[in-house]
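run.cif (mmCIF, C-alpha atoms and all ligand atoms)
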data_my_file
loop_
_atom_site.label_atom_id
_atom_site.label_comp_id
_atom_site.auth_asym_id
_atom_site.auth_seq_id
_atom_site.Cartn_x
_atom_site.Cartn_y
_atom_site.Cartn_z
CA MET A 1488 -0.41 8.15 -23.80
CA ALA A 1489 1.28 6.18 -21.02
CA GLU A 1490 3.95 3.75 -22.16
CA SER A 1491 3.66 0.06 -21.33
CA THR A 1492 6.20 -1.13 -18.80
CA GLY A 1493 6.34 -4.85 -19.81
CA GLY A 1494 8.83 -7.29 -18.32
CA ARG A 1495 9.76 -5.47 -15.13
CA ALA A 1496 10.10 -7.35 -11.83
CA VAL A 1497 7.70 -5.91 -9.26
CA PHE A 1498 7.33 -6.67 -5.52
CA ILE A 1499 3.95 -5.80 -3.99
CA THR A 1500 3.00 -6.08 -0.30
CA GLY A 1501 -0.62 -6.34 0.79
CA ALA A 1502 -1.14 -8.23 -2.47
CA ALA A 1503 -4.17 -10.11 -1.15
CA GLY A 1504 -5.91 -6.92 -0.01
CA GLY A 1505 -8.42 -4.77 -1.86
CA ILE A 1506 -5.93 -2.28 -3.34
CA GLY A 1507 -2.96 -4.68 -3.48
CA ARG A 1508 -4.76 -7.27 -5.55
CA VAL A 1509 -5.88 -4.72 -8.16
CA THR A 1510 -2.34 -3.30 -8.18
CA VAL A 1511 -0.93 -6.76 -8.95
CA GLU A 1512 -3.37 -7.03 -11.85
CA ARG A 1513 -2.48 -3.52 -13.08
CA PHE A 1514 1.20 -4.46 -13.45
CA VAL A 1515 0.47 -7.94 -14.85
CA ALA A 1516 -1.76 -6.35 -17.50
CA GLU A 1517 1.30 -4.39 -18.67
CA GLY A 1518 3.32 -7.61 -18.98
CA ASP A 1519 5.26 -7.13 -15.76
CA ARG A 1520 6.33 -10.00 -13.46
CA VAL A 1521 5.04 -9.76 -9.91
CA ALA A 1522 6.02 -11.11 -6.48
CA LEU A 1523 2.83 -11.07 -4.38
CA ALA A 1524 3.53 -10.63 -0.65
CA ASP A 1525 0.98 -10.84 2.14
CA LEU A 1526 0.47 -12.39 5.57
CA SER A 1527 -1.20 -15.54 4.27
CA LEU A 1528 0.44 -17.69 1.58
CA GLU A 1529 -2.92 -19.29 0.86
CA ALA A 1530 -4.44 -15.85 0.20
CA VAL A 1531 -1.72 -14.73 -2.25
CA GLN A 1532 -1.76 -18.10 -4.00
CA LYS A 1533 -5.50 -17.67 -4.49
CA VAL A 1534 -4.97 -14.19 -5.96
CA ALA A 1535 -2.25 -15.56 -8.26
CA ASP A 1536 -4.52 -18.41 -9.41
CA GLU A 1537 -7.35 -15.99 -10.15
CA ILE A 1538 -5.07 -13.64 -12.09
CA ARG A 1539 -3.70 -16.56 -14.13
CA GLN A 1540 -7.25 -17.22 -15.36
CA SER A 1541 -7.04 -13.94 -17.30
CA TYR A 1542 -3.25 -13.96 -17.82
CA PRO A 1543 -2.19 -17.64 -18.13
CA ASP A 1544 1.44 -16.75 -18.92
CA ALA A 1545 1.86 -14.33 -16.02
CA ASP A 1546 5.09 -14.80 -14.05
CA LEU A 1547 3.84 -14.59 -10.44
CA LEU A 1548 5.65 -15.41 -7.19
CA PRO A 1549 3.30 -15.74 -4.19
CA LEU A 1550 5.14 -15.12 -0.90
CA GLU A 1551 4.14 -15.26 2.75
CA VAL A 1552 5.54 -12.04 4.21
CA ASP A 1553 4.93 -10.20 7.47
CA VAL A 1554 6.37 -6.71 6.90
CA SER A 1555 6.64 -6.13 10.65
CA SER A 1556 9.24 -8.93 10.84
CA GLU A 1557 12.84 -8.41 9.75
CA GLU A 1558 13.31 -12.17 9.41
CA SER A 1559 10.28 -12.47 7.16
CA LEU A 1560 11.61 -9.73 4.88
CA LYS A 1561 15.06 -11.32 4.77
CA ALA A 1562 13.41 -14.56 3.62
CA ALA A 1563 11.39 -12.60 1.04
CA ARG A 1564 14.55 -10.98 -0.26
CA ALA A 1565 16.21 -14.38 -0.69
CA ALA A 1566 13.16 -15.71 -2.56
CA VAL A 1567 13.04 -12.64 -4.82
CA GLU A 1568 16.76 -12.89 -5.58
CA GLU A 1569 16.30 -16.50 -6.61
CA TRP A 1570 13.24 -15.62 -8.72
CA SER A 1571 14.54 -12.54 -10.44
CA GLY A 1572 17.93 -11.39 -9.17
CA THR A 1573 16.89 -7.75 -9.08
CA LEU A 1574 13.68 -5.71 -8.82
CA ASP A 1575 12.45 -2.76 -10.86
CA VAL A 1576 9.53 -1.73 -8.65
CA ILE A 1577 8.73 -2.07 -4.95
CA ALA A 1578 5.12 -1.23 -4.07
CA LEU A 1579 4.46 -1.18 -0.32
CA VAL A 1580 0.67 -1.40 -0.11
CA GLY A 1581 0.03 -3.63 2.92
CA ALA A 1582 -1.01 -2.01 6.18
CA THR A 1583 -3.38 -2.34 9.09
CA VAL A 1584 -5.94 -0.02 10.63
CA GLN A 1585 -6.27 0.85 14.30
CA ALA A 1586 -8.59 -1.85 15.63
CA PHE A 1587 -10.73 0.59 17.60
CA GLY A 1588 -11.11 4.33 18.09
CA ALA A 1589 -9.46 5.36 21.36
CA SER A 1590 -8.30 8.65 22.80
CA VAL A 1591 -4.57 9.11 23.35
CA LEU A 1592 -5.32 8.79 27.06
CA GLU A 1593 -6.89 5.36 26.53
CA LEU A 1594 -4.97 3.88 23.60
CA THR A 1595 -2.95 0.84 24.67
CA THR A 1596 0.77 0.57 24.04
CA GLU A 1597 0.12 -2.77 22.34
CA GLU A 1598 -2.27 -1.24 19.81
CA TRP A 1599 0.01 1.75 19.15
CA ASP A 1600 2.93 -0.62 18.52
CA ARG A 1601 0.91 -3.09 16.43
CA VAL A 1602 -0.16 -0.35 14.01
CA HIS A 1603 3.27 1.31 13.84
CA ASN A 1604 5.09 -2.02 13.51
CA THR A 1605 3.20 -2.82 10.32
CA ASN A 1606 2.54 0.60 8.81
CA LEU A 1607 5.79 2.44 9.47
CA ARG A 1608 8.42 -0.05 10.66
CA GLY A 1609 7.12 -2.38 7.92
CA VAL A 1610 7.86 0.24 5.28
CA PHE A 1611 11.30 0.80 6.83
CA PHE A 1612 12.11 -2.94 7.04
CA ALA A 1613 10.87 -3.63 3.50
CA SER A 1614 12.87 -0.71 2.13
CA ARG A 1615 16.06 -1.64 3.98
CA GLU A 1616 15.85 -5.24 2.79
CA LEU A 1617 14.64 -4.77 -0.79
CA VAL A 1618 16.00 -1.42 -2.02
CA PRO A 1619 19.45 -3.05 -2.54
CA LEU A 1620 17.76 -5.12 -5.27
CA LEU A 1621 16.89 -1.96 -7.28
CA PRO A 1622 19.62 -1.33 -9.87
CA ALA A 1623 20.95 2.22 -10.13
CA ASP A 1624 20.12 4.43 -13.12
CA SER A 1625 17.64 1.99 -14.66
CA GLY A 1626 14.33 3.72 -13.92
CA ALA A 1627 13.73 1.65 -10.76
CA SER A 1628 11.50 3.05 -8.04
CA LEU A 1629 9.67 2.45 -4.77
CA VAL A 1630 6.09 3.50 -4.11
CA ALA A 1631 4.57 3.36 -0.61
CA VAL A 1632 0.90 3.74 0.22
CA ALA A 1633 0.19 6.36 2.88
CA SER A 1634 -3.29 7.78 3.59
CA TYR A 1635 -5.18 11.04 3.65
CA TRP A 1636 -5.20 10.38 7.39
CA GLY A 1637 -1.44 10.85 7.23
CA ARG A 1638 -2.02 14.35 5.82
CA SER A 1639 -3.89 15.42 8.95
CA GLY A 1640 -4.55 14.09 12.43
CA HIS A 1641 -7.95 12.67 13.40
CA ALA A 1642 -9.21 12.33 16.95
CA PHE A 1643 -9.15 8.79 18.37
CA TYR A 1644 -6.96 7.39 15.55
CA SER A 1645 -3.53 8.68 16.60
CA SER A 1646 -1.58 5.49 15.92
CA TYR A 1647 -2.92 5.08 12.36
CA CYS A 1648 -2.60 8.80 11.48
CA THR A 1649 0.95 9.11 12.82
CA SER A 1650 2.05 5.87 11.14
CA LYS A 1651 0.85 7.18 7.78
CA ALA A 1652 2.30 10.69 8.37
CA GLY A 1653 5.54 8.82 9.02
CA VAL A 1654 5.31 7.12 5.62
CA ILE A 1655 4.96 10.52 3.91
CA SER A 1656 8.10 11.75 5.67
CA PHE A 1657 9.91 8.44 5.13
CA VAL A 1658 9.57 8.59 1.33
CA GLN A 1659 11.13 12.07 1.37
CA CYS A 1660 14.07 10.78 3.45
CA LEU A 1661 14.63 7.76 1.21
CA ALA A 1662 14.14 9.80 -1.98
CA GLY A 1663 16.95 12.12 -0.87
CA GLU A 1664 19.20 9.16 -0.11
CA LEU A 1665 18.62 7.40 -3.43
CA ALA A 1666 18.44 10.36 -5.82
CA ASP A 1667 22.09 10.13 -6.85
CA LYS A 1668 21.52 6.48 -7.82
CA GLY A 1669 18.64 7.54 -10.07
CA ILE A 1670 16.16 5.56 -7.94
CA ARG A 1671 12.89 7.37 -7.25
CA VAL A 1672 10.74 7.06 -4.11
CA ASN A 1673 7.16 8.31 -3.88
CA ALA A 1674 3.89 7.70 -2.05
CA VAL A 1675 0.19 7.65 -2.82
CA ALA A 1676 -2.20 8.97 -0.17
CA PRO A 1677 -5.63 7.39 -0.78
CA GLY A 1678 -8.84 8.86 0.50
CA ASN A 1679 -11.76 6.50 1.20
CA ILE A 1680 -11.31 3.54 -1.13
CA ASN A 1681 -14.04 0.95 -1.31
CA THR A 1682 -12.17 -2.11 0.01
CA GLY A 1683 -12.55 -4.46 2.96
CA MET A 1684 -10.49 -2.02 5.05
CA HIS A 1685 -12.92 0.85 4.33
CA GLN A 1686 -15.97 -1.34 4.92
CA ALA A 1687 -14.54 -2.64 8.21
CA ALA A 1688 -13.89 0.94 9.35
CA LEU A 1689 -17.49 1.92 8.48
CA ALA A 1690 -18.86 -1.15 10.26
CA SER A 1691 -16.88 -0.48 13.44
CA GLU A 1692 -17.85 3.20 13.50
CA ALA A 1693 -21.51 2.26 12.88
CA GLU A 1694 -21.38 -0.12 15.83
CA GLU A 1695 -19.82 2.52 18.09
CA ARG A 1696 -22.56 5.01 17.12
CA GLY A 1697 -25.39 2.44 17.26
CA ILE A 1698 -26.46 3.04 13.65
CA SER A 1699 -26.64 0.80 10.58
CA PHE A 1700 -23.78 0.23 8.11
CA GLU A 1701 -25.80 1.93 5.34
CA GLU A 1702 -26.46 4.99 7.53
CA MET A 1703 -22.76 5.20 8.39
CA LYS A 1704 -21.78 4.84 4.74
CA ALA A 1705 -24.19 7.63 3.76
CA ILE A 1706 -22.71 9.95 6.42
CA GLU A 1707 -19.11 9.29 5.36
CA TRP A 1708 -19.64 9.32 1.60
CA ALA A 1709 -21.58 12.61 1.85
CA LYS A 1710 -18.37 14.21 3.20
CA ILE A 1711 -16.45 13.30 0.02
CA PRO A 1712 -16.66 16.05 -2.64
CA LEU A 1713 -16.92 13.38 -5.38
CA LYS A 1714 -19.58 11.65 -3.19
CA VAL A 1715 -18.33 8.07 -3.43
CA ALA A 1716 -15.48 6.01 -2.02
CA GLY A 1717 -12.97 5.51 -4.81
CA PRO A 1718 -12.40 2.27 -6.71
CA PRO A 1719 -9.19 0.37 -5.79
CA LYS A 1720 -8.08 0.82 -9.41
CA SER A 1721 -7.71 4.57 -8.82
CA ILE A 1722 -4.86 3.78 -6.40
CA ALA A 1723 -3.40 1.01 -8.56
CA ASP A 1724 -3.29 3.47 -11.49
CA ALA A 1725 -1.47 6.06 -9.35
CA ILE A 1726 1.05 3.48 -8.11
CA TRP A 1727 1.64 2.29 -11.67
CA PHE A 1728 2.06 5.87 -12.90
CA LEU A 1729 4.59 6.75 -10.17
CA ALA A 1730 6.55 3.59 -10.99
CA SER A 1731 6.60 4.36 -14.73
CA ASP A 1732 8.85 6.58 -16.82
CA ASN A 1733 5.90 8.98 -17.08
CA ALA A 1734 6.84 10.04 -13.54
CA SER A 1735 10.59 10.17 -14.21
CA TYR A 1736 10.91 13.67 -12.69
CA MET A 1737 8.92 12.82 -9.55
CA THR A 1738 10.63 11.77 -6.33
CA GLY A 1739 9.83 12.40 -2.66
CA ALA A 1740 6.25 13.20 -3.69
CA THR A 1741 3.00 12.04 -2.13
CA VAL A 1742 0.15 12.02 -4.62
CA ASP A 1743 -3.36 12.55 -3.20
CA VAL A 1744 -6.02 10.31 -4.74
CA ASN A 1745 -9.01 11.04 -2.56
CA GLY A 1746 -12.09 12.44 -4.31
CA GLY A 1747 -11.28 15.85 -2.83
CA VAL A 1748 -11.52 15.01 0.88
CA ILE A 1749 -8.54 16.99 2.09
CA PHE A 1750 -9.79 20.20 0.49
CA VAL A 1751 -12.99 20.44 2.55
N1 LIG A 1801 -9.28 1.50 1.84
C1 LIG A 1801 -9.15 2.76 2.24
O1 LIG A 1801 -10.12 3.50 2.40
C2 LIG A 1801 -7.77 3.32 2.47
C3 LIG A 1801 -7.65 4.68 2.76
C4 LIG A 1801 -6.40 5.24 2.97
C5 LIG A 1801 -5.28 4.43 2.89
N2 LIG A 1801 -5.41 3.11 2.62
C6 LIG A 1801 -4.20 2.32 2.55
O2 LIG A 1801 -4.20 1.53 1.36
C7 LIG A 1801 -3.45 0.35 1.59
C8 LIG A 1801 -4.25 -0.87 1.17
O3 LIG A 1801 -5.44 -0.90 1.92
P1 LIG A 1801 -6.70 -1.78 1.49
O4 LIG A 1801 -7.87 -0.89 1.52
O5 LIG A 1801 -6.40 -2.59 0.29
O6 LIG A 1801 -6.80 -2.72 2.78
P2 LIG A 1801 -7.02 -4.28 2.92
O7 LIG A 1801 -7.25 -4.52 4.36
O8 LIG A 1801 -7.99 -4.78 1.92
O9 LIG A 1801 -5.57 -4.83 2.51
C9 LIG A 1801 -4.46 -4.66 3.32
C10 LIG A 1801 -3.58 -5.89 3.13
O10 LIG A 1801 -2.38 -5.72 3.89
C11 LIG A 1801 -2.07 -6.95 4.46
N3 LIG A 1801 -1.25 -6.79 5.65
C12 LIG A 1801 -1.63 -6.33 6.87
N4 LIG A 1801 -0.61 -6.41 7.72
C13 LIG A 1801 0.44 -6.93 7.04
C14 LIG A 1801 1.75 -7.30 7.40
N5 LIG A 1801 2.21 -7.13 8.65
N6 LIG A 1801 2.56 -7.82 6.45
C15 LIG A 1801 2.11 -8.01 5.19
N7 LIG A 1801 0.87 -7.70 4.79
C16 LIG A 1801 0.04 -7.17 5.71
C17 LIG A 1801 -3.42 -7.57 4.82
O11 LIG A 1801 -3.31 -8.97 5.02
C18 LIG A 1801 -4.26 -7.18 3.62
O12 LIG A 1801 -4.25 -8.17 2.60
C19 LIG A 1801 -3.05 0.37 3.07
O13 LIG A 1801 -1.74 0.90 3.18
C20 LIG A 1801 -4.06 1.32 3.67
O14 LIG A 1801 -3.60 1.90 4.87
C21 LIG A 1801 -6.63 2.54 2.41
#

Spit out the file's structure as structure tokens when you get a sec.
Ligand SMILES: NC(=O)c1ccc[n+]([C@@H]2O[C@H](COP(=O)([O-])OP(=O)(O)OC[C@H]3O[C@@H](n4cnc5c(N)ncnc54)[C@H](O)[C@@H]3O)[C@@H](O)[C@H]2O)c1
Amino acid sequence: MAESTGGRAVFITGAAGGIGRVTVERFVAEGDRVALADLSLEAVQKVADEIRQSYPDADLLPLEVDVSSEESLKAARAAVEEWSGTLDVIALVGATVQAFGASVLELTTEEWDRVHNTNLRGVFFASRELVPLLPADSGASLVAVASYWGRSGHAFYSSYCTSKAGVISFVQCLAGELADKGIRVNAVAPGNINTGMHQAALASEAEERGISFEEMKAIEWAKIPLKVAGPPKSIADAIWFLASDNASYMTGATVDVNGGVIFV
């Protein structure tokens, strides 16, 4: 049985999103203390307020953070140092999708950069700023969220796919750099997870094809061997596992949690 982690200080980006929010709750349920980072302070405060309804004693720090901004991450680091001094877990969940499908020949520089600035540079900036808060040889670790679309390239989504492939490579680089400090670095690569991001992607694809949302959902879910988009908790559980002592011999790994999609 997995051990409880209680009392660790955890920093989670994308904390107001579908997977991030459930991840916050997953750590809080174990008695951990959580800094909730996302673009909107109002959104993370709302998440914190809702979580306090079930966990009134939870130690939560809502933070407005844009991971594509070095200044924003420096400010987050200062706030975290004041709150906790050090961190035990960094979970980099926040990301953005390519706003529209476009061939490489048509994709704008602005859209390429927007996606990469959040999804890959954001992981780099957050790591560079926050990893110094992870104490050596104490079981501390970083977990980044990649994507099954980082495992393989998909036509018309080159900026998103390459940003997530970059995250998979990045965790290997950082894992190698931090191994002698006993700090582990891993990633989770979700498949289709039933969040706002997944529903927005289905809606935009449905519009492009001129079909209904339900028709689009049926087409996409039929391609998944397990036949449904996964619950956000499946990713939160994987993040929690990788950040726990149960994964003490795992570093540089990317764990696929995807209902089987990359095997078909
Ligand atoms: N939902 C899926 O099907 C799916 C599939 C594969 C991978 N993922 C990955 O899972 C993670 C979570 O996705 P989700 O489904 O919860 O999406 P979501 O859209 O519900 O949440 C993403 C969160 O990230 C935040 N965010 C975006 N840009 C940011 C920035 N610059 N700085 C800080 N926060 C920012 C958003 O505000 C949002 O709250 C992402 O890394 C995503 O790429 C999701």

### Task
Please write out the residues within 7 Å of ligand LIG 1801 (chain A) as an MDAnalysis selection string, counting only C-alpha atoms and all ligand atoms.
chainID A and resid 1500:1507 1524:1527 1552:1555 1580:1584 1605 1609 1632:1636 1676:1685

### Task
Write out as a PyMOL selection string each polymer residue whose atoms come within 12 Å of stretch 1690-1696 of chain A, counting all atoms listed in the file; drop sequence neighbours fewer than 2 positions from it.
chain A and resi 1584-1589+1643-1644+1683-1688+1698-1707

#### Entry: Proximity to A:Val1618 - best of A:Lys1720, A:Arg1513, A:Arg1539, A:Lys1668, only C-alpha atoms
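Looking only at the distances to A:Val1618, the closest residue turns out to be A:Lys1668.
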
### Message
Considering only C-alpha atoms, can you say which of A:Ile1655, A:Cys1648, A:Leu1574, A:Leu1594 comes closest to A:Pro1619?
### Response
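That would be A:Leu1574, the residue with the smallest distance to A:Pro1619.
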
### Query
Quick one: of A:Gly1653, A:Pro1543, A:Gly1572, A:Gly1637, who's nearest to A:Leu1617, counting all atoms listed in the file?
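Smallest distance to A:Leu1617 is found for A:Gly1572.
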
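Between atom CA of A:Val1515 and atom CA of A:Phe1728 the interatomic distance comes to 14.0 Å.
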
### Query
What is the distance between atom CA of A:Glu1512 and atom CA of A:Ser1571, in Å to one decimal?
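Interatomic distance here is 18.8 Å.
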
### Contacts of A:Leu1548 at 7 Å (all atoms listed in the file; same-chain gap of 5+ positions) as a ChimeraX atom specification
/A:1521-1523

Please produce a file of those selected residues containing C-alpha atoms, as a PDB file, keeping the file's coordinate frame.
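Result file follows (again.pdb):
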ATOM      1  CA  VAL A1521       5.040  -9.760  -9.910  1.00  0.00           C
ATOM      2  CA  ALA A1522       6.020 -11.110  -6.480  1.00  0.00           C
ATOM      3  CA  LEU A1523       2.830 -11.070  -4.380  1.00  0.00           C
TER       4      LEU A1523
END

Write stretch 1662-1676 of chain A as a short mmCIF file (atom, residue, chain, number, x, y, z; two decimals), in the frame of the given file, completed to N, CA and C atoms.
data_model
loop_
_atom_site.label_atom_id
_atom_site.label_comp_id
_atom_site.auth_asym_id
_atom_site.auth_seq_id
_atom_site.Cartn_x
_atom_site.Cartn_y
_atom_site.Cartn_z
N ALA A 1662 13.96 9.18 -0.65
CA ALA A 1662 14.14 9.80 -1.98
C ALA A 1662 15.44 10.59 -2.01
N GLY A 1663 15.71 11.33 -0.94
CA GLY A 1663 16.95 12.12 -0.87
C GLY A 1663 18.18 11.23 -0.87
N GLU A 1664 18.05 10.07 -0.20
CA GLU A 1664 19.20 9.16 -0.11
C GLU A 1664 19.49 8.45 -1.42
N LEU A 1665 18.44 8.22 -2.23
CA LEU A 1665 18.62 7.40 -3.43
C LEU A 1665 18.68 8.21 -4.72
N ALA A 1666 18.52 9.53 -4.61
CA ALA A 1666 18.44 10.36 -5.82
C ALA A 1666 19.71 10.23 -6.67
N ASP A 1667 20.87 10.18 -6.03
CA ASP A 1667 22.09 10.13 -6.85
C ASP A 1667 22.29 8.77 -7.50
N LYS A 1668 21.48 7.78 -7.12
CA LYS A 1668 21.52 6.48 -7.82
C LYS A 1668 20.45 6.42 -8.91
N GLY A 1669 19.69 7.52 -9.06
CA GLY A 1669 18.64 7.54 -10.07
C GLY A 1669 17.45 6.66 -9.70
N ILE A 1670 17.30 6.37 -8.40
CA ILE A 1670 16.16 5.56 -7.94
C ILE A 1670 15.15 6.51 -7.29
N ARG A 1671 13.91 6.45 -7.76
CA ARG A 1671 12.89 7.37 -7.25
C ARG A 1671 12.04 6.71 -6.16
N VAL A 1672 11.54 7.55 -5.25
CA VAL A 1672 10.74 7.06 -4.11
C VAL A 1672 9.56 8.01 -3.92
N ASN A 1673 8.36 7.48 -4.00
CA ASN A 1673 7.16 8.31 -3.88
C ASN A 1673 6.09 7.59 -3.06
N ALA A 1674 5.02 8.30 -2.77
CA ALA A 1674 3.89 7.70 -2.05
C ALA A 1674 2.58 8.11 -2.72
N VAL A 1675 1.57 7.31 -2.45
CA VAL A 1675 0.19 7.65 -2.82
C VAL A 1675 -0.58 7.77 -1.51
N ALA A 1676 -1.37 8.81 -1.37
CA ALA A 1676 -2.20 8.97 -0.17
C ALA A 1676 -3.67 8.81 -0.58
#
